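Student: Provided herewith is a single structure, encoded as structure tokens, for subsequent inquiry.
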Amino acid sequence: MAFVENIAILMFLFLGGALGFAAEFIPRLFTKPRPTPEKLAPFESGEDPVGTARIRFRIQYYIYAVAFVAFDIVVALAIPWAVGWGYVYWTPIILLLAVMLAVVGYYSAKGDLEWI
Amino acid sequence: MNTQITLTGIIVFIERNVYLRFLLVAIVAFIIVSIGSLIELYIERKFWARIMSRYGPTEVGKFGTLQLIADAVKFLVKEDFSPAAADRTIYNLVPVFSVTVSFASLLAIPFDYTVASLFPRSLHPLTFVASNFDPSLLVAFGFFALEPLIVLFGGWAAGGKYTLIGGFRSAAQLISYEIPLVLSFLSVVVLTQSLNLFQIIQTQAHSWPFAVLAFPAFITFTVALLAELERTPFDLTEADTELVSGWNTEYGGTKFLLVYLSEYIRAFAGSAILVSLFLGGWLGPAPIPPLIWLFLKTIIVFTVLVWIRAAYPRVRIDQMLALGWRILIPVSAVWLILTPFVAHLAMVHGALA
Amino acid sequence: MFVDVAYYIIVLATLLSVVGFVVTKDIVRAAGLLLVVLACVAAAFAFMNSLLLAMIQLMVYAGAVIVIFLFGVMLTRREAPTSRLRQLVSHENLTYLVFAALLFLLILRASAGLTSPLGYLYVSPQLVATSLYVELRGVVYALAALIGASSIGAIYVVRREKKHFDTTQGGGGEKR
């Protein structure tokens, strides 16, 4: 850790974690859990819970997650280009962004970005 | 005279030890953010209420200013329960993780410079500056990007199927708007060729504010920030008639307090980053110190966000995802490629340092 | 000296999380431990003077890959987590723990000859920019082609599955 900002990150994480732990666990010294069946059941707008806690698989969530991973990598590669655009070649990043936009265009034209 | 010598002695001792120094910086940042969050929460409740022609909190304290402290005390003394079907370890750890991650993204915001510039020269104020390092902007966004995990684990850990659905919808919204967010701030990085937020603000001292030079990026950044902070018009995951409170329905007492607090810390951090990137950060005319300028601009940006909340209806989830994927990503990507030409033109005509 | 101790603590945390990830019976907890492993790897990048890579690791790996993992996992049948201590201290799990301890000792021994286990090269964003976009630009071209091909292929496969899934499971119409 040659640079002081790493120590600063450590201190911020430590302070945030310490505050979180303190706020979470110190009130437990003063209160006592008093469980009743109504409190422990999952909340379903006042009715009795129906069925198991399992929902039907919707492919839509997965499509968004896969697209996000691919585009996040493109964006992560665009970050160094944004810093050094004056002295590096532009063709790789233009190719990457063009591929990304082409895929977005393909998705939306074929209707895969519809929620339904 | 004696107290002044001991105070100087304490500060010199802290300054010599690098760990204590940055712990002090973290504590100062926490104090500033707490004050900022309290003011934000107060503005949220009062200003929103007045736009809706009602009063908001008026009972506790003069004009309702102590209402937030009363709410915080109420949350702290509530019973700590966990639902029967919950995964207790993850259920207990998610709020702590949420607060830690939100707090860590404050490192990049140069409040420490603004506070250090208020100290007398004889105490080496710049050793207390932690935010002047190279990828500081990226540190803030790296910690912002951990939010989808918090909502997924949070919605799962509570054990009900509606919280799980709420967590999924929330995570889909957050990941959809992360790419326009990053591409928008990359436009500002192109203008200054630096990822250092400190240096971005200093470049704005000698050029036009970047809200003008990178105007499409400013718009897409604001919209993406509204979606990342889950504020209206993008707050469908908290829609009362649909999913009660989204993924954090089953969190009560101190857990809810930590989750709510981390939401407002992120709002403060997001507004401060918007101010630093596009509106000039701590820069402003002389009589008001830089700390007050940065704070004031952040609060004003947050007030505009509250105004947007009061004025706009909520969008549906398919409209929101279509906006994120089909409009914001192409616009921000195309503007990113056009920005070097804008930068060159601006440098030639003296609008950029 | 504190920095070296902190680095070894991160290494130990990584190894323990990996052991936990292999041992645990609840798959969502396994995902959580994988998150801890990736965060420790990001911390290791930070120790080696490259905060840029650490944050990209957090954004891309911990932020995106784990989200995909969780999306795939949480939509399947859920079982109650069972973590009885006797089940934990079975001999397979002890084998993993012993192996992790041996690996940790090996890392300690191998880095005993170095003055510090940390790197001295400062990986700045400018250095990454020139490496990626000037010297290794062929790799980035190949990456662009691969991303394009795999995205189109993934869409094709998913659409085929979606058509099959929707026709066999009773159709859509449920907007959740």
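Ordered as shown in the structure tokens, chains take letters A, B, and onward, while each chain numbers its residues from 1 and ligands are numbered from 1 in the order shown.
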Would you write out, as CSV, a table of all residues in chain C that have an atom no more than 9 Å from an atom of chain B, listing for each the closest atom pair and the distance in Å to one decimal, considering only C-alpha atoms and ordering rows by chain and rising residue number?
Tutor:
```
residue,atom,partner,partner_atom,distance
C:Val28,CA,B:Phe153,CA,8.3
C:Arg29,CA,B:Ile90,CA,7.8
C:Gly32,CA,B:Phe153,CA,8.2
C:Leu51,CA,B:Pro135,CA,6.8
C:Leu52,CA,B:Pro135,CA,6.0
C:Ala54,CA,B:Gly142,CA,8.6
C:Met55,CA,B:Gly142,CA,5.1
C:Ile56,CA,B:Gly142,CA,6.9
C:Gln57,CA,B:Gly142,CA,8.5
C:Leu58,CA,B:Gly142,CA,5.9
C:Met59,CA,B:Gly142,CA,5.2
C:Val60,CA,B:Ala145,CA,8.7
C:Ala62,CA,B:Leu146,CA,7.2
C:Gly63,CA,B:Leu146,CA,5.4
C:Ala64,CA,B:Ile175,CA,8.1
C:Ile66,CA,B:Leu149,CA,7.7
C:Val67,CA,B:Leu149,CA,6.5
C:Leu70,CA,B:Leu152,CA,7.6
C:Phe71,CA,B:Phe168,CA,7.9
C:Met74,CA,B:Trp156,CA,7.6
C:Ala80,CA,B:Ala85,CA,7.7
C:Pro81,CA,B:Asp87,CA,7.1
C:Ser124,CA,B:Asp134,CA,7.5
C:Pro125,CA,B:Pro135,CA,7.5
C:Gln126,CA,B:Ser194,CA,8.8
C:Arg176,CA,B:Ile165,CA,7.8
```
Student: Output C-alpha atoms for every residue in that selection, as a PDB file, in the first residue's frame.
Tutor:
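This went into part_6.pdb:
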```pdb
ATOM      1  CA  VAL C  28     -27.507 -18.851  -1.541  1.00  0.00           C
ATOM      2  CA  ARG C  29     -25.014 -18.806   1.296  1.00  0.00           C
ATOM      3  CA  GLY C  32     -22.629 -14.931  -0.454  1.00  0.00           C
ATOM      4  CA  LEU C  51      -7.207   0.635  -7.360  1.00  0.00           C
ATOM      5  CA  LEU C  52      -8.477   0.882 -10.941  1.00  0.00           C
ATOM      6  CA  ALA C  54      -9.849  -3.361  -7.826  1.00  0.00           C
ATOM      7  CA  MET C  55     -12.861  -1.213  -8.601  1.00  0.00           C
ATOM      8  CA  ILE C  56     -13.386  -2.774 -12.014  1.00  0.00           C
ATOM      9  CA  GLN C  57     -13.241  -6.156 -10.290  1.00  0.00           C
ATOM     10  CA  LEU C  58     -15.960  -5.019  -7.874  1.00  0.00           C
ATOM     11  CA  MET C  59     -18.109  -3.528 -10.613  1.00  0.00           C
ATOM     12  CA  VAL C  60     -17.833  -6.341 -13.145  1.00  0.00           C
ATOM     13  CA  ALA C  62     -18.944  -8.821  -7.796  1.00  0.00           C
ATOM     14  CA  GLY C  63     -21.547  -6.590  -9.357  1.00  0.00           C
ATOM     15  CA  ALA C  64     -22.503  -8.499 -12.478  1.00  0.00           C
ATOM     16  CA  ILE C  66     -22.741 -12.748  -8.908  1.00  0.00           C
ATOM     17  CA  VAL C  67     -26.011 -11.112  -9.964  1.00  0.00           C
ATOM     18  CA  LEU C  70     -28.130 -15.280  -7.983  1.00  0.00           C
ATOM     19  CA  PHE C  71     -30.741 -14.764 -10.690  1.00  0.00           C
ATOM     20  CA  MET C  74     -32.882 -17.901  -6.493  1.00  0.00           C
ATOM     21  CA  ALA C  80     -34.152 -24.316   4.606  1.00  0.00           C
ATOM     22  CA  PRO C  81     -30.485 -23.850   5.464  1.00  0.00           C
ATOM     23  CA  SER C 124      -2.432   3.945 -13.176  1.00  0.00           C
ATOM     24  CA  PRO C 125      -5.357   4.436 -15.552  1.00  0.00           C
ATOM     25  CA  GLN C 126      -2.969   5.964 -18.082  1.00  0.00           C
ATOM     26  CA  ARG C 176     -45.123  -9.804 -12.384  1.00  0.00           C
TER      27      ARG C 176
END
```
Student: Can you pull out every residue within 12 Å of A:Ala70, counting only C-alpha atoms, but drop anything in the same chain fewer than 3 positions away, and send it as a PyMOL selection string?
Tutor: (chain A and resi 63-67+73-77+96-97+99-101+103-104) or (chain B and resi 175+179) or (chain C and resi 60-61+64-65+68+143-144+146-152+154)
Student: Dump N, CA and C atoms for the selected residues as an mmCIF file, in the first residue's frame?
Tutor:
```cif
data_model
loop_
_atom_site.group_PDB
_atom_site.id
_atom_site.type_symbol
_atom_site.label_atom_id
_atom_site.label_comp_id
_atom_site.auth_asym_id
_atom_site.auth_seq_id
_atom_site.Cartn_x
_atom_site.Cartn_y
_atom_site.Cartn_z
ATOM 1 N N ILE A 63 -32.350 -12.546 -19.070
ATOM 2 C CA ILE A 63 -31.884 -11.847 -20.269
ATOM 3 C C ILE A 63 -31.248 -10.521 -19.887
ATOM 4 N N TYR A 64 -31.905 -9.786 -18.958
ATOM 5 C CA TYR A 64 -31.323 -8.508 -18.561
ATOM 6 C C TYR A 64 -29.989 -8.696 -17.882
ATOM 7 N N ALA A 65 -29.880 -9.748 -17.061
ATOM 8 C CA ALA A 65 -28.618 -9.952 -16.349
ATOM 9 C C ALA A 65 -27.493 -10.301 -17.318
ATOM 10 N N VAL A 66 -27.777 -11.154 -18.327
ATOM 11 C CA VAL A 66 -26.740 -11.537 -19.290
ATOM 12 C C VAL A 66 -26.308 -10.328 -20.108
ATOM 13 N N ALA A 67 -27.295 -9.546 -20.561
ATOM 14 C CA ALA A 67 -26.940 -8.348 -21.330
ATOM 15 C C ALA A 67 -26.122 -7.398 -20.472
ATOM 16 N N ILE A 73 -18.725 -5.251 -19.233
ATOM 17 C CA ILE A 73 -17.326 -5.457 -19.629
ATOM 18 C C ILE A 73 -16.934 -4.425 -20.666
ATOM 19 N N VAL A 74 -17.834 -4.121 -21.601
ATOM 20 C CA VAL A 74 -17.533 -3.089 -22.599
ATOM 21 C C VAL A 74 -17.291 -1.754 -21.912
ATOM 22 N N VAL A 75 -18.120 -1.449 -20.939
ATOM 23 C CA VAL A 75 -17.969 -0.170 -20.239
ATOM 24 C C VAL A 75 -16.687 -0.155 -19.424
ATOM 25 N N ALA A 76 -16.349 -1.290 -18.809
ATOM 26 C CA ALA A 76 -15.109 -1.343 -18.033
ATOM 27 C C ALA A 76 -13.899 -1.162 -18.941
ATOM 28 N N LEU A 77 -13.995 -1.583 -20.193
ATOM 29 C CA LEU A 77 -12.891 -1.342 -21.122
ATOM 30 C C LEU A 77 -12.916 0.072 -21.654
ATOM 31 N N LEU A 96 -15.983 -1.962 -30.023
ATOM 32 C CA LEU A 96 -16.692 -2.511 -28.866
ATOM 33 C C LEU A 96 -18.039 -1.824 -28.666
ATOM 34 N N LEU A 97 -18.036 -0.497 -28.730
ATOM 35 C CA LEU A 97 -19.298 0.217 -28.520
ATOM 36 C C LEU A 97 -20.272 -0.061 -29.661
ATOM 37 N N VAL A 99 -20.452 -2.860 -31.352
ATOM 38 C CA VAL A 99 -21.013 -4.188 -31.102
ATOM 39 C C VAL A 99 -22.105 -4.100 -30.045
ATOM 40 N N MET A 100 -21.826 -3.317 -28.985
ATOM 41 C CA MET A 100 -22.812 -3.195 -27.918
ATOM 42 C C MET A 100 -24.109 -2.573 -28.435
ATOM 43 N N LEU A 101 -23.998 -1.476 -29.208
ATOM 44 C CA LEU A 101 -25.202 -0.830 -29.728
ATOM 45 C C LEU A 101 -25.924 -1.723 -30.723
ATOM 46 N N VAL A 103 -26.011 -4.957 -30.581
ATOM 47 C CA VAL A 103 -26.735 -5.981 -29.830
ATOM 48 C C VAL A 103 -27.989 -5.388 -29.194
ATOM 49 N N VAL A 104 -27.881 -4.153 -28.667
ATOM 50 C CA VAL A 104 -29.078 -3.508 -28.109
ATOM 51 C C VAL A 104 -30.127 -3.320 -29.187
ATOM 52 N N ILE B 175 -29.547 -2.751 -12.371
ATOM 53 C CA ILE B 175 -28.528 -3.106 -13.344
ATOM 54 C C ILE B 175 -28.817 -2.470 -14.697
ATOM 55 N N ILE B 179 -25.268 1.064 -16.607
ATOM 56 C CA ILE B 179 -24.450 1.343 -17.789
ATOM 57 C C ILE B 179 -24.623 2.784 -18.261
ATOM 58 N N VAL C 60 -17.515 -5.321 -12.150
ATOM 59 C CA VAL C 60 -17.833 -6.341 -13.145
ATOM 60 C C VAL C 60 -18.045 -7.692 -12.489
ATOM 61 N N TYR C 61 -17.082 -8.140 -11.676
ATOM 62 C CA TYR C 61 -17.227 -9.462 -11.098
ATOM 63 C C TYR C 61 -18.275 -9.479 -10.007
ATOM 64 N N ALA C 64 -21.747 -7.957 -11.355
ATOM 65 C CA ALA C 64 -22.503 -8.499 -12.478
ATOM 66 C C ALA C 64 -22.532 -10.023 -12.476
ATOM 67 N N VAL C 65 -21.389 -10.641 -12.271
ATOM 68 C CA VAL C 65 -21.355 -12.103 -12.382
ATOM 69 C C VAL C 65 -22.117 -12.740 -11.229
ATOM 70 N N ILE C 68 -25.814 -12.547 -11.916
ATOM 71 C CA ILE C 68 -26.275 -13.616 -12.807
ATOM 72 C C ILE C 68 -26.418 -14.916 -12.048
ATOM 73 N N LEU C 143 -11.801 -9.509 -28.612
ATOM 74 C CA LEU C 143 -12.829 -9.475 -27.571
ATOM 75 C C LEU C 143 -14.130 -8.913 -28.108
ATOM 76 N N ALA C 144 -14.037 -7.860 -28.935
ATOM 77 C CA ALA C 144 -15.255 -7.275 -29.514
ATOM 78 C C ALA C 144 -15.970 -8.311 -30.364
ATOM 79 N N LEU C 146 -15.787 -11.545 -30.079
ATOM 80 C CA LEU C 146 -16.329 -12.594 -29.226
ATOM 81 C C LEU C 146 -17.597 -12.149 -28.522
ATOM 82 N N ILE C 147 -17.594 -10.901 -28.018
ATOM 83 C CA ILE C 147 -18.789 -10.422 -27.319
ATOM 84 C C ILE C 147 -19.970 -10.388 -28.273
ATOM 85 N N GLY C 148 -19.721 -9.909 -29.488
ATOM 86 C CA GLY C 148 -20.809 -9.865 -30.457
ATOM 87 C C GLY C 148 -21.359 -11.245 -30.755
ATOM 88 N N ALA C 149 -20.440 -12.183 -31.017
ATOM 89 C CA ALA C 149 -20.896 -13.523 -31.380
ATOM 90 C C ALA C 149 -21.626 -14.187 -30.226
ATOM 91 N N SER C 150 -21.093 -14.043 -29.016
ATOM 92 C CA SER C 150 -21.731 -14.724 -27.890
ATOM 93 C C SER C 150 -23.063 -14.085 -27.533
ATOM 94 N N SER C 151 -23.194 -12.765 -27.688
ATOM 95 C CA SER C 151 -24.487 -12.135 -27.384
ATOM 96 C C SER C 151 -25.551 -12.634 -28.337
ATOM 97 N N ILE C 152 -25.196 -12.656 -29.627
ATOM 98 C CA ILE C 152 -26.183 -13.113 -30.608
ATOM 99 C C ILE C 152 -26.522 -14.577 -30.355
ATOM 100 N N ALA C 154 -26.354 -16.184 -27.502
ATOM 101 C CA ALA C 154 -27.140 -16.325 -26.278
ATOM 102 C C ALA C 154 -28.593 -15.948 -26.535
#
```
Student: Please provide as a ChimeraX atom specification all residues within 12 Å of A:Ile9, with the sequence filter that same-chain residues fewer than 4 positions apart are discarded (counting only C-alpha atoms).
Tutor: /A:1,3-5,13-16 /B:19,22-23,25-26,100-101,103-108,130-131,133,136,139-140,143 /C:43,46-47,51,54-55
Student: Give me a file of those residues, with N, CA and C atoms, as a CSV table (one decimal), in the first residue's frame.
Tutor:
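Final output, out.csv:
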```csv
chain,number,residue,atom,x,y,z
A,1,MET,N,0.8,-1.2,0.0
A,1,MET,CA,0.0,0.0,0.0
A,1,MET,C,0.9,1.2,0.0
A,3,PHE,N,0.3,4.0,-1.3
A,3,PHE,CA,-0.4,5.3,-1.3
A,3,PHE,C,-1.4,5.4,-0.2
A,4,VAL,N,-1.6,6.6,0.3
A,4,VAL,CA,-2.4,6.8,1.5
A,4,VAL,C,-3.9,6.6,1.2
A,5,GLU,N,-4.3,6.7,0.0
A,5,GLU,CA,-5.8,6.5,-0.3
A,5,GLU,C,-6.3,5.1,0.1
A,13,LEU,N,-14.3,2.0,5.3
A,13,LEU,CA,-15.0,0.7,5.4
A,13,LEU,C,-15.1,0.3,6.9
A,14,PHE,N,-14.0,0.5,7.6
A,14,PHE,CA,-14.0,0.1,9.0
A,14,PHE,C,-15.0,0.9,9.8
A,15,LEU,N,-15.1,2.2,9.5
A,15,LEU,CA,-16.0,3.1,10.3
A,15,LEU,C,-17.5,2.7,9.9
A,16,GLY,N,-17.7,2.5,8.6
A,16,GLY,CA,-19.1,2.2,8.2
A,16,GLY,C,-19.5,0.8,8.8
B,19,TYR,N,-2.9,6.1,10.3
B,19,TYR,CA,-4.2,5.4,10.5
B,19,TYR,C,-5.2,6.4,11.2
B,22,PHE,N,-6.6,9.2,8.9
B,22,PHE,CA,-7.7,8.9,8.1
B,22,PHE,C,-8.9,8.5,8.8
B,23,LEU,N,-8.8,8.0,10.0
B,23,LEU,CA,-9.9,7.7,10.8
B,23,LEU,C,-10.6,9.0,11.2
B,25,VAL,N,-10.5,11.7,9.3
B,25,VAL,CA,-11.2,12.1,8.0
B,25,VAL,C,-12.5,11.4,7.9
B,26,ALA,N,-12.5,10.1,8.2
B,26,ALA,CA,-13.8,9.3,8.0
B,26,ALA,C,-14.8,9.8,9.0
B,100,THR,N,-22.3,-0.1,5.2
B,100,THR,CA,-20.9,-0.1,4.9
B,100,THR,C,-20.6,0.3,3.5
B,101,VAL,N,-21.3,-0.3,2.6
B,101,VAL,CA,-21.0,0.0,1.2
B,101,VAL,C,-21.4,1.5,0.8
B,103,PHE,N,-21.5,4.0,2.9
B,103,PHE,CA,-20.6,4.9,3.5
B,103,PHE,C,-19.2,4.9,2.8
B,104,ALA,N,-18.8,3.8,2.2
B,104,ALA,CA,-17.5,3.8,1.6
B,104,ALA,C,-17.5,4.6,0.3
B,105,SER,N,-18.6,4.8,-0.3
B,105,SER,CA,-18.6,5.6,-1.5
B,105,SER,C,-18.5,7.0,-1.3
B,106,LEU,N,-18.5,7.5,0.0
B,106,LEU,CA,-18.3,8.9,0.3
B,106,LEU,C,-16.8,9.3,0.2
B,107,LEU,N,-15.9,8.3,0.1
B,107,LEU,CA,-14.5,8.6,0.2
B,107,LEU,C,-14.1,9.6,-0.9
B,108,ALA,N,-14.7,9.4,-2.1
B,108,ALA,CA,-14.3,10.2,-3.3
B,108,ALA,C,-14.7,11.6,-3.2
B,130,ALA,N,-7.9,13.0,1.8
B,130,ALA,CA,-7.9,11.7,1.3
B,130,ALA,C,-8.4,11.5,-0.1
B,131,SER,N,-9.1,12.5,-0.6
B,131,SER,CA,-9.9,12.3,-1.8
B,131,SER,C,-9.1,12.7,-3.1
B,133,PHE,N,-6.9,11.3,-5.1
B,133,PHE,CA,-6.2,10.2,-5.7
B,133,PHE,C,-6.7,9.8,-7.0
B,136,SER,N,-10.5,8.2,-8.0
B,136,SER,CA,-11.4,8.4,-6.9
B,136,SER,C,-12.9,8.3,-7.4
B,139,VAL,N,-13.8,4.7,-7.5
B,139,VAL,CA,-14.1,4.1,-6.2
B,139,VAL,C,-15.5,4.3,-5.8
B,140,ALA,N,-16.0,5.6,-6.0
B,140,ALA,CA,-17.4,5.9,-5.6
B,140,ALA,C,-18.3,5.0,-6.4
B,143,PHE,N,-18.4,1.1,-5.4
B,143,PHE,CA,-19.2,0.8,-4.2
B,143,PHE,C,-20.7,1.0,-4.5
C,43,ALA,N,-9.6,-6.6,-2.9
C,43,ALA,CA,-8.7,-6.0,-1.9
C,43,ALA,C,-7.3,-6.4,-2.2
C,46,ALA,N,-6.1,-4.0,-4.6
C,46,ALA,CA,-5.8,-2.7,-4.0
C,46,ALA,C,-4.5,-2.7,-3.3
C,47,PHE,N,-4.1,-3.8,-2.7
C,47,PHE,CA,-2.8,-3.9,-2.0
C,47,PHE,C,-1.7,-3.8,-3.0
C,51,LEU,N,-5.8,0.4,-7.8
C,51,LEU,CA,-7.2,0.6,-7.4
C,51,LEU,C,-8.1,0.6,-8.6
C,54,ALA,N,-9.0,-2.9,-9.0
C,54,ALA,CA,-9.8,-3.4,-7.8
C,54,ALA,C,-11.3,-2.9,-8.0
C,55,MET,N,-11.5,-1.7,-8.4
C,55,MET,CA,-12.9,-1.2,-8.6
C,55,MET,C,-13.5,-1.8,-9.8
```
Student: May I have the residues within 6 Å of stretch 274-281 of chain B as an MDAnalysis selection string, using only C-alpha atoms and disregarding those fewer than 6 positions away in the same chain?
Tutor: chainID B and resid 201 204 209:211 294
Student: Restricting it to N, CA and C atoms, dump the selection as an mmCIF file, in the first residue's frame.
Tutor:
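New file part-v8.cif:
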```cif
data_model
loop_
_atom_site.group_PDB
_atom_site.id
_atom_site.type_symbol
_atom_site.label_atom_id
_atom_site.label_comp_id
_atom_site.auth_asym_id
_atom_site.auth_seq_id
_atom_site.Cartn_x
_atom_site.Cartn_y
_atom_site.Cartn_z
ATOM 1 N N ILE B 201 -12.932 18.920 -10.514
ATOM 2 C CA ILE B 201 -13.451 20.176 -9.985
ATOM 3 C C ILE B 201 -12.484 21.312 -10.253
ATOM 4 N N GLN B 204 -12.773 22.699 -13.628
ATOM 5 C CA GLN B 204 -13.933 23.544 -13.840
ATOM 6 C C GLN B 204 -13.724 24.960 -13.347
ATOM 7 N N PRO B 209 -18.786 25.373 -16.869
ATOM 8 C CA PRO B 209 -19.173 24.179 -16.103
ATOM 9 C C PRO B 209 -19.558 23.050 -17.044
ATOM 10 N N PHE B 210 -19.262 21.838 -16.624
ATOM 11 C CA PHE B 210 -19.460 20.713 -17.524
ATOM 12 C C PHE B 210 -20.916 20.397 -17.779
ATOM 13 N N ALA B 211 -21.829 20.981 -16.997
ATOM 14 C CA ALA B 211 -23.238 20.809 -17.320
ATOM 15 C C ALA B 211 -23.562 21.431 -18.665
ATOM 16 N N LEU B 294 -20.139 23.516 -1.417
ATOM 17 C CA LEU B 294 -20.381 22.132 -1.817
ATOM 18 C C LEU B 294 -21.642 21.601 -1.152
#
```
Student: Can you tell me, as a ChimeraX atom specification, what residues are no more than 9 Å from C:Ala13 when counting only C-alpha atoms, ignoring any on the same chain fewer than 6 positions away?
Tutor: /C:36-37,40
Student: Write the selection just made, keeping C-alpha atoms, as a PDB file, in the first residue's frame?
Tutor:
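Written out: again.pdb:
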```pdb
ATOM      1  CA  VAL C  36     -16.648 -12.463  -0.073  1.00  0.00           C
ATOM      2  CA  VAL C  37     -13.990 -14.248  -2.146  1.00  0.00           C
ATOM      3  CA  CYS C  40     -11.036 -10.204  -1.093  1.00  0.00           C
TER       4      CYS C  40
END
```
Student: So how many Å separate atom CA of A:Leu19 and atom CA of C:Ile10, to one decimal?
Tutor: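 These atoms are spaced 21.4 Å apart.
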Student: Rounded to one decimal in Å, what is the spacing between atom CA of C:Leu35 and atom CA of B:Leu258?
Tutor: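 These two atoms are separated by 21.1 Å.
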